[in-house]
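Here's the structure, in C-alpha cells; my notes come after.
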Amino acid sequence: MKLKNVYLILLTPTLSISMASFSQVPADSTAADSALLKQIEQQMQSNSQPAQQPQQSRSTLSFNPDIGVIGDFQGSYISKGNKNFNAYLNETELSLQATVDPYARADFFLSFARDPETGKYGVEVEEGYLTTLSLPAQLQLKVGKFREAVGRINPTHPHALPFIDLPNAYVNYFGEEGLNDEGASLSWLIPNKKFYQEIVFQLTSGLSNSPSFYRGDNNHLLYLGHLKNFFTLSDNATLELGLTGITGPNDSSRTTSIAAADLTYKWKPVQMNTYRSITWQSEFYYGHANLMENLSINSFGLYSFLQYQLAKRWFLTGRYDYAQKPYDKNIVEQAYSLTGGWYATEFSKIELEGKTTDDNVAKRFYQAWLRWIFVIGAHGAHQY
Amino acid sequence: MKNKLTFFLISSMGILTTVHAGTIKVVTTTTDLKSITELIGGDKVSASSIATGYQNPHFVDPKPSYIIGLSKADLFVTVGLDLEIGWSPQLLASSRNTKIQKGAEGYVDASQGIGLLQVPTSANRAEGDIHIYGNPHYWLDPLNGKVIARNIANGLERVDPSNKSTYEANLQAFFKKIDDKIKEWQAKMAAFKGTKIIAYHNEWVYFETRFGLTIVDFMEPKPGIPPSPSQLVKVIKEINANNIKVIISSPYFTTSSSDVVAKQTGAKELTMATSVGAFDSIKNYFDLFDYDIDQLTAILK
C-alpha cells in the first residue's frame with residue numbers, strides 16, 4: 001500500500017522534483033527502505049517515457065490558432081409519424097481562430113454535421129471570415145462566409161442558445177441553418193457617447209440555402225442592414241433594440257423583403273452575475289414575398305422567451321412561438337416550449353426541452369429533446 | 001478628385017488622433033489596475049475600469065457599452081495570464097482601436113515580470129478552472145504592485161513620452177509608499193505567521209505567501225467547481241483537526257456553503273476584498289491591503 005502511494009506520487013508531473021529529493025535520501029535510512037527506493041527508481045525508469053517533462057509554453061510560443069472542438073449530442077422524441085425516437089451526434093464543430101497580422105483576425109468554424117434525412121455526416125464551412133482591426137473612422141470590415149446580422153438568434157451558434165430547437169418563425173424564414181451567406185459586411189460604430197449604436201451593412205451573394213432567398217441565374221444579390229442600439233439601464237440591467245431590413249432574390253426570380261425587430265432585456269446583478277440572471281428576448285419578423293406579377297404574400301412571425309437562472313448551474317427557459325407560413329399566411333403555427341439546463345462548467349451543459357405545437361391544419365403534436373454540449377480546447381467568448 | 005478625397009481623409013484622421021482632450025485615456029480591466037494607473041498618471045490621465053471591485057474578474061459580461069470607452073482609449077491595461085480570457089479579447093477585437101490591440105504601444109500586460117505562483121505542469125481541465133500561465137491573482141501581493149506600476153508607467157511613457165518625468169516621479173513615490181506600507185502590514189501580520197485558514201476560491205496564494213498564512217483547503221473542490229457535500233465534510237474535518245478560526249471568501253461568492261461549515265465548526269466567515277472598490281471604504285490600492293489586514297487580524301486575535 002505504502003509502495004503504491006509513493007509510486008503514484010512519482011508518476012505525477014512533479015517527476016523531476018521527486019527525483020531530486022530521492023538523491024538526497026538521508027544516509028540513516030534503513031536498508032529495507034533503500035531497496036524499496038531502488039525498486040521504485042527502476043520502475044520509474046521503465047515508466048518515464050509517457051511521463052515526459054510537460055511542455056509548459058503550450059501556446060505562448062506558437063503561431064497555431066486557438067483550436068476548439070464542440071460536441072453536440074442529442075436524443076429526440078416526436079409524437080407523430082412512425083419513427084418517434086432518435087439519438088445522434090448532431091454536430092461536431094471545429095473552431096480555428098487567430099490574429100492574422102496587425103491589421104486583421106480570422107475565424108473559421110468547420111461543421112461536421114449529420115444530415116437528418118440520410119444520417120450521413122458531411123463537412124461544411126459554417127463560417128470562415130476575416131475581420132479587420134485597423135480601419136479608420138470606427139469602421140470594421142468582415143469578408144467571407146458568416147452568419148448574417150439578423151437580430152439575436154441568427155448570429156449565435158445553435159449550441160450557445162438556451163433551447164435546443166429553433167423558433168418556428170425563424171426556421172420558416174431562414175431555415176435550420178439560418179441566414180448564412182458569403183460576401184462582405186461593413187459595420188460602423190456610431191460616435192454616440194450616450195449609448196452603444198452600431199450600423200451593419202451586408203452584401204452577399206444570396207447563395208445560402210435559406211427558404212426565403214434563392215440566387216437565380218442573374219446578378220440579383222442579397223442586401224442586409226442592421227441597426228443595433230444597446231442601452232445600459234443600470235449596473236445590473238441592459239436593453240437592446242435591433243432593427244433589420246433584408247432584401248434579396250427569391251426562387252421566382254423576384255424579390256423577397258424581410259423586416260425584423262429584436263428586443264432583449266437582461267438583468268444580471270454585477271456582484272452575483274454567476275448565480276442569478278433574467279433574460280427576456282423577443283424577435284419579430286415581417287416578410288413580403290413578391291412571387292408573380294400580381295402576387296405578393298405578406299406574413300408575420302415572432303418568438304419570445306424568458307430565461308431565468310435559478311442557481312449557479314440551473315437555467316429555465318420558456319418560449320412562445322407564433323408563425324404564419326411565408327407561402328400561405330392562413331397556416332398559423334403556435335408553439336410553447338420549456339427548457340431546463342444544467343451547466344456543469346463553462347465547458348459542458350445538459351439541456352432537456354419539451355415542446356407542443358399546434359397549427360390550424362394538422363393535429364397537435366409533441367416533441368422533446370435532450371442535448372449534451374461539450375467543449376475541448378479553446379472556447380471563444382459568447383456574445384452578450 | 002480621388003487624391004483630394006484621400007488627402008482629406010488622411011488629414012482629418014490626423015486631426016482626430018493628435019487632438020487629445022488633454023489627458024491620456026486609459027481603460028483597465030480591473031479597479032486595481034485603474035487605481036495604480038491613477039497613482040502613476042496623476043492628472044495626466046483619465047482612467048476607467050471595465051470590471052467593478054465587487055465582481056468576479058473571471059466572469060465579466062462583455063457588454064457592448066464597454067466598446068465605447070475602448071474605441072477611444074489611448075492605453076489598455078490588462079491583468080493578463082488568461083484571467084480575462086472570457087471577455088476582454090472579444091471587446092478588444094470589437095473596439096476598432098488599433099492603438100490598444102495586443103502587441104501595440106497602447107497595450108499593457110501588467111503581469112510582465114511577475115514571479116508567478118502555481119504555474120501548472122500540465123494543462124488539464126479535469127483540475128477545474130486552472131490557468132496555464134500560473135495563478136493570475138498576483139495583485140494581492142503588494143510587492144507585485146510595484147511590478148504592475150512599472151508596467152503601467154512604461155505604457156504611459158510609450159504613448160505619452162512628453163510626460164515621462166512626471167510618470168517616473170510618481171512611480172518612485174509609489175515604490176516608496178509600498179515599501180513603507182509593507183513594513184506596517186507585515187508588522188500587523190507577524191503575530192499570525194503560519195496561521196491556518198480556509199479560503200473559498202484559489203485566489204489568495206500571493207497574499208498568503210507574502211503574509212505567511214497557510215491556506216489548508218478551499219470550499220471549492222476544484223477551482224470554479226461549486227462546493228460539494230463531500231468537500232464540505234472534508235473542510236469541516238480539516239477545520240476541527242487544525243483548530244482553524246476563519247474561512248475567507250470574496251464579495252462575489254454566495255455564503256450558503258460557508259454558513260454550513262461555520263455553523264458546524266464555529267469558524268468565522270470573513271468576506272475579504274479582492275479588489276479596489278469591493279467595499280465603499282476601499283478607494284485605492286493601499287486601502288485594499290489596509291482593509292484586508294485589519295479585518296483579518298481582528299478576527300484572528
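Going through the C-alpha cells in order, the chains are called A, B, and so on, while each chain numbers its residues from 1 and the ligands are numbered from 1 in the order shown.
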With only C-alpha atoms counted and 6 Å as the cut-off, give the residues of chain A in contact with chain B, each with its shortest interatomic distance in Å and the pair that gives it, as a Markdown table.
| residue | atom | partner | partner_atom | distance |
| --- | --- | --- | --- | --- |
| A:Leu133 | CA | B:Arg96 | CA | 5.5 |
| A:Ser134 | CA | B:Thr98 | CA | 5.2 |
| A:Gln138 | CA | B:Arg96 | CA | 5.7 |
| A:Tyr196 | CA | B:Ser65 | CA | 5.4 |
| A:Gln271 | CA | B:Gln55 | CA | 4.6 |
| A:Met272 | CA | B:Tyr252 | CA | 5.4 |
| A:Ala381 | CA | B:Gly86 | CA | 5.1 |
| A:Tyr384 | CA | B:Lys63 | CA | 5.7 |
Legend entry - Long-range neighbours of Ile182 (chain B) as a PyMOL selection string, 8 Å cut-off, only C-alpha atoms, 4 positions minimum in chain: chain B and resi 142-143+178+186
Selection to disk with N, CA and C atoms, as a short mmCIF file (atom, residue, chain, number, x, y, z; two decimals), in the first residue's frame:
data_model
loop_
_atom_site.label_atom_id
_atom_site.label_comp_id
_atom_site.auth_asym_id
_atom_site.auth_seq_id
_atom_site.Cartn_x
_atom_site.Cartn_y
_atom_site.Cartn_z
N PRO B 142 1.27 43.04 -2.33
CA PRO B 142 1.57 44.46 -2.59
C PRO B 142 2.92 44.68 -3.28
N LEU B 143 3.86 43.77 -3.08
CA LEU B 143 5.14 43.96 -3.78
C LEU B 143 4.97 43.76 -5.28
N ILE B 178 4.79 51.93 -1.08
CA ILE B 178 4.65 50.48 -0.92
C ILE B 178 5.68 49.98 0.09
N GLN B 186 3.24 44.01 7.33
CA GLN B 186 3.91 42.78 7.80
C GLN B 186 4.01 42.77 9.32
#
Residue neighbourhood region 229-235 of chain B, 12 Å, only C-alpha atoms, exclusion window fewer than 4 positions, as a compact mmCIF listing (two decimals) with N, CA and C atoms, in the first residue's frame:
# COMPACT_ATOMS: atom_id res chain seq x y z
N ILE B 197 -5.83 28.78 7.55
CA ILE B 197 -7.17 29.28 7.22
C ILE B 197 -7.75 28.45 6.06
N ILE B 198 -9.04 28.66 5.82
CA ILE B 198 -9.73 28.05 4.67
C ILE B 198 -10.14 29.21 3.75
N ALA B 199 -10.04 29.00 2.45
CA ALA B 199 -10.49 30.03 1.51
C ALA B 199 -11.55 29.44 0.60
N TYR B 200 -12.40 30.31 0.05
CA TYR B 200 -13.46 29.81 -0.84
C TYR B 200 -12.88 29.38 -2.19
N ILE B 215 -3.07 28.45 3.70
CA ILE B 215 -4.43 28.05 3.30
C ILE B 215 -4.45 26.53 3.21
N VAL B 216 -5.24 25.94 4.09
CA VAL B 216 -5.26 24.48 4.19
C VAL B 216 -6.08 23.86 3.06
N ASP B 217 -7.21 24.50 2.75
CA ASP B 217 -8.08 23.93 1.71
C ASP B 217 -9.03 25.02 1.22
N PHE B 218 -9.80 24.66 0.21
CA PHE B 218 -10.76 25.60 -0.37
C PHE B 218 -12.16 25.04 -0.25
N MET B 219 -13.14 25.93 -0.21
CA MET B 219 -14.53 25.49 -0.22
C MET B 219 -14.86 24.83 -1.56
N GLU B 220 -14.28 25.38 -2.63
CA GLU B 220 -14.47 24.75 -3.94
C GLU B 220 -13.58 23.51 -4.02
N PRO B 221 -14.14 22.37 -4.40
CA PRO B 221 -13.30 21.16 -4.51
C PRO B 221 -12.20 21.33 -5.56
N LYS B 222 -12.51 22.05 -6.62
CA LYS B 222 -11.55 22.41 -7.66
C LYS B 222 -11.88 23.83 -8.09
N ILE B 225 -15.42 24.99 -9.48
CA ILE B 225 -16.46 23.98 -9.24
C ILE B 225 -17.13 24.30 -7.90
N ILE B 239 -10.99 21.77 9.54
CA ILE B 239 -11.12 22.89 10.48
C ILE B 239 -11.01 22.38 11.91
N ASN B 240 -11.69 21.26 12.18
CA ASN B 240 -11.64 20.71 13.53
C ASN B 240 -10.25 20.21 13.88
N ALA B 241 -9.61 19.55 12.92
CA ALA B 241 -8.28 18.98 13.19
C ALA B 241 -7.23 20.06 13.41
N ASN B 242 -7.36 21.18 12.71
CA ASN B 242 -6.32 22.21 12.78
C ASN B 242 -6.73 23.43 13.60
N ASN B 243 -7.91 23.35 14.23
CA ASN B 243 -8.41 24.47 15.02
C ASN B 243 -8.40 25.77 14.20
N ILE B 244 -8.96 25.68 13.00
CA ILE B 244 -8.97 26.83 12.09
C ILE B 244 -10.07 27.81 12.49
N VAL B 246 -10.97 30.80 10.71
CA VAL B 246 -11.65 31.65 9.74
C VAL B 246 -11.70 31.04 8.33
N ILE B 247 -12.82 31.32 7.67
CA ILE B 247 -12.99 30.97 6.26
C ILE B 247 -13.05 32.29 5.50
N SER B 256 -23.72 30.48 1.30
CA SER B 256 -24.52 29.38 1.85
C SER B 256 -23.68 28.19 2.33
N SER B 257 -22.68 27.79 1.54
CA SER B 257 -21.89 26.63 1.96
C SER B 257 -20.96 26.98 3.11
N SER B 258 -20.41 28.20 3.09
CA SER B 258 -19.56 28.62 4.21
C SER B 258 -20.38 28.71 5.50
N ASP B 259 -21.66 29.12 5.35
CA ASP B 259 -22.54 29.20 6.52
C ASP B 259 -22.67 27.85 7.20
N VAL B 260 -22.84 26.82 6.38
CA VAL B 260 -22.99 25.46 6.90
C VAL B 260 -21.74 25.07 7.69
N VAL B 261 -20.59 25.30 7.06
CA VAL B 261 -19.33 24.92 7.69
C VAL B 261 -19.11 25.72 8.97
N ALA B 262 -19.42 27.02 8.92
CA ALA B 262 -19.23 27.88 10.09
C ALA B 262 -20.10 27.39 11.25
N LYS B 263 -21.33 27.02 10.91
CA LYS B 263 -22.26 26.56 11.94
C LYS B 263 -21.78 25.26 12.59
N GLN B 264 -21.24 24.38 11.75
CA GLN B 264 -20.78 23.08 12.24
C GLN B 264 -19.51 23.19 13.09
N THR B 265 -18.67 24.18 12.79
CA THR B 265 -17.34 24.20 13.39
C THR B 265 -17.10 25.38 14.32
N ALA B 267 -16.09 28.16 13.18
CA ALA B 267 -15.16 29.05 12.47
C ALA B 267 -15.93 30.27 11.97
Legend entry - Surrounding residues of region 23-39 of chain B excluding itself and chain neighbours under 2 positions, 9 Å, only C-alpha atoms, as a ChimeraX atom specification: /B:20-21,41-53,57,69-70,72-79,84,88,106,110,139,145,148-149,152-153,156,159-160,170-171,174,275-277,283-285,288
Legend entry - Picked from region 85-332 of chain A by DSSP as alpha helix (DSSP H), as a list of chain:residue names: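 Alpha helix (DSSP H) members of region 85-332 of chain A, listed: A:Asn168, A:Ala169, A:Tyr170, A:Val171, A:Asn172, A:Tyr173, A:Phe174.
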Inset, instruction - Please provide as a list in words all residues within 12 Å of Gln309 (chain A), with the sequence filter that same-chain residues fewer than 3 positions apart are discarded (counting only C-alpha atoms). - result: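 The neighbour list is Pro162, Lys266, Trp267, Lys268, Pro269, Met272, Asn273, Thr274, Tyr275, Arg276, Ser277, Ile278, Thr279, Trp280, Leu306, Lys312, Arg313, Trp314, Phe315, Leu316, Thr317, Gly318, Thr339, Gly340, Gly341, Trp342 and Tyr343 of chain A.
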Please, could you write that set of residues out with C-alpha atoms as a tab-separated table (two decimals), in the first residue's frame?
chain	number	residue	atom	x	y	z
A	162	PRO	CA	-30.76	28.39	-24.31
A	266	LYS	CA	-31.24	41.43	-19.40
A	267	TRP	CA	-30.99	41.61	-15.67
A	268	LYS	CA	-27.73	40.30	-14.29
A	269	PRO	CA	-26.60	41.62	-10.92
A	272	MET	CA	-23.61	37.88	-8.22
A	273	ASN	CA	-23.66	37.54	-12.01
A	274	THR	CA	-22.71	33.89	-11.95
A	275	TYR	CA	-25.68	32.94	-9.76
A	276	ARG	CA	-28.73	34.87	-10.91
A	277	SER	CA	-29.95	36.36	-14.16
A	278	ILE	CA	-33.05	37.00	-16.21
A	279	THR	CA	-33.20	37.41	-19.98
A	280	TRP	CA	-36.32	38.35	-21.88
A	306	LEU	CA	-37.91	34.28	-20.82
A	312	LYS	CA	-25.19	28.96	-10.49
A	313	ARG	CA	-25.75	25.93	-12.68
A	314	TRP	CA	-29.50	25.86	-13.31
A	315	PHE	CA	-31.40	27.66	-16.05
A	316	LEU	CA	-35.06	27.53	-17.05
A	317	THR	CA	-36.31	28.92	-20.36
A	318	GLY	CA	-39.90	29.21	-21.53
A	339	THR	CA	-36.13	24.02	-21.50
A	340	GLY	CA	-34.24	23.15	-18.35
A	341	GLY	CA	-30.47	23.46	-18.47
A	342	TRP	CA	-27.76	22.24	-16.14
A	343	TYR	CA	-24.44	23.94	-16.86
Inset, instruction - Can you work out the spacing between CA of Leu291 (chain A) and CA of Tyr327 (chain A) in Å, to one decimal? - result: 9.5 Å
Legend entry - Exercise: region 167-171 of chain A partners within 10 Å, only C-alpha atoms, chain neighbours under 5 positions left out, as JSON, numbers by chain: {"A": [153, 154, 176, 177, 178, 179, 210, 211, 283, 284, 285, 286, 299, 300, 301, 302, 303, 304, 305, 319, 320, 321, 322, 323, 324, 325, 326, 332, 333, 334, 335, 336, 337, 357]}
